[in-house]
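Participant: The structure follows.
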Amino acid sequence: MNRTILFAGILMGMLAIMLGAFGAHGLEKLVNAEAIDTFETGVKYQMYHALFLLFLGVLSGVGTKTKKTVFILVLLGVILFSFSIYLLALNTLTDFDFKIIGFLTPIGGVFMISAWIYLGYHILNQKVAN
């Protein structure tokens with residue numbers, strides 16, 4: 001499980017860097033500054049959670065079931081939050097109105113927050129030998 005989590009964190013981080021570069025250098029002539037800022041918000045949260053997965057993958061003392069749950073919450077959260085933001089930021093470039101998927105963004109945020117809470121709960125409630 002740890003290798004899967006680490007691989008996902010590495011992949012998510014690499015993708016965040018690529019998307020960040022695209023947002024910084026490729027979007028400026030295609031969309032307005034507000035859309036670029038929105039796009040960058042998605043990139044930031046994706047990178048934060050890539051680092052979170054790397055931390056989770058090397059964290060000891062947390063059970064496999066807990067790690068798997070946190071991993072799934074983070075993946076769902078990033079897909080729903082960041083990727084919906086990317087599509088919303090690029091909305092003017094297509095005929096499809098991505099505003100209809102805007103409700104996915106806060107749902108993704110709830111998944112990401114839940115991952116942090118779930119991991120925190122399990123870390124803070126561990127029985128520590130004195």
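Every chain in the structure tokens takes a letter, A first, then B, and so on in the order presented; its residues are numbered from 1, and the ligands are numbered from 1 following the presented order.
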List the neighbours of stretch 115-124 of chain A out to 8 Å using only C-alpha atoms; skip same-chain residues closer than 5 positions along the sequence, and give me the result as a PyMOL selection string.

Facilitator: chain A and resi 62+66-67+69-71+73-74

Participant: At a cut-off of 7 Å, using only C-alpha atoms, what residues contact stretch 75-89 of chain A? Leave out same-chain residues fewer than 4 positions from it and give the result as a list of chain:residue names.

Facilitator: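 Result of the neighbour search: A:Ala35, A:Ile36, A:Thr38, A:Phe39, A:Gly42, A:Val43, A:Tyr45, A:Gln46, A:Phe71, A:Phe98, A:Lys99, A:Ile101, A:Gly102, A:Leu104, A:Thr105, A:Pro106, A:Ile107, A:Gly108, A:Gly109, A:Phe111, A:Met112.
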
Participant: Mind pulling up the distance from atom CA of A:Ile17 to atom CA of A:Leu30?

Facilitator: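 Taking atom CA of A:Leu30 and atom CA of A:Ile17, their separation equals 19.4 Å.
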
Participant: Measuring between only C-alpha atoms, which one of A:Ile10, A:Asn125, A:Thr4, A:Ile100 shows the shortest distance to A:Tyr48?

Facilitator: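 Once distances to A:Tyr48 are computed over only C-alpha atoms, the minimum belongs to A:Ile10.
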
Participant: Per DSSP on the backbone, filter stretch 15-91 of chain A down to the residues in alpha helix (DSSP H) and report them as a ChimeraX atom specification.

Facilitator: /A:15-25,33-58,64-89

Participant: So how far away is atom CA of A:Phe55 from atom CA of A:Ala21, in Å?

Facilitator: 24.0 Å
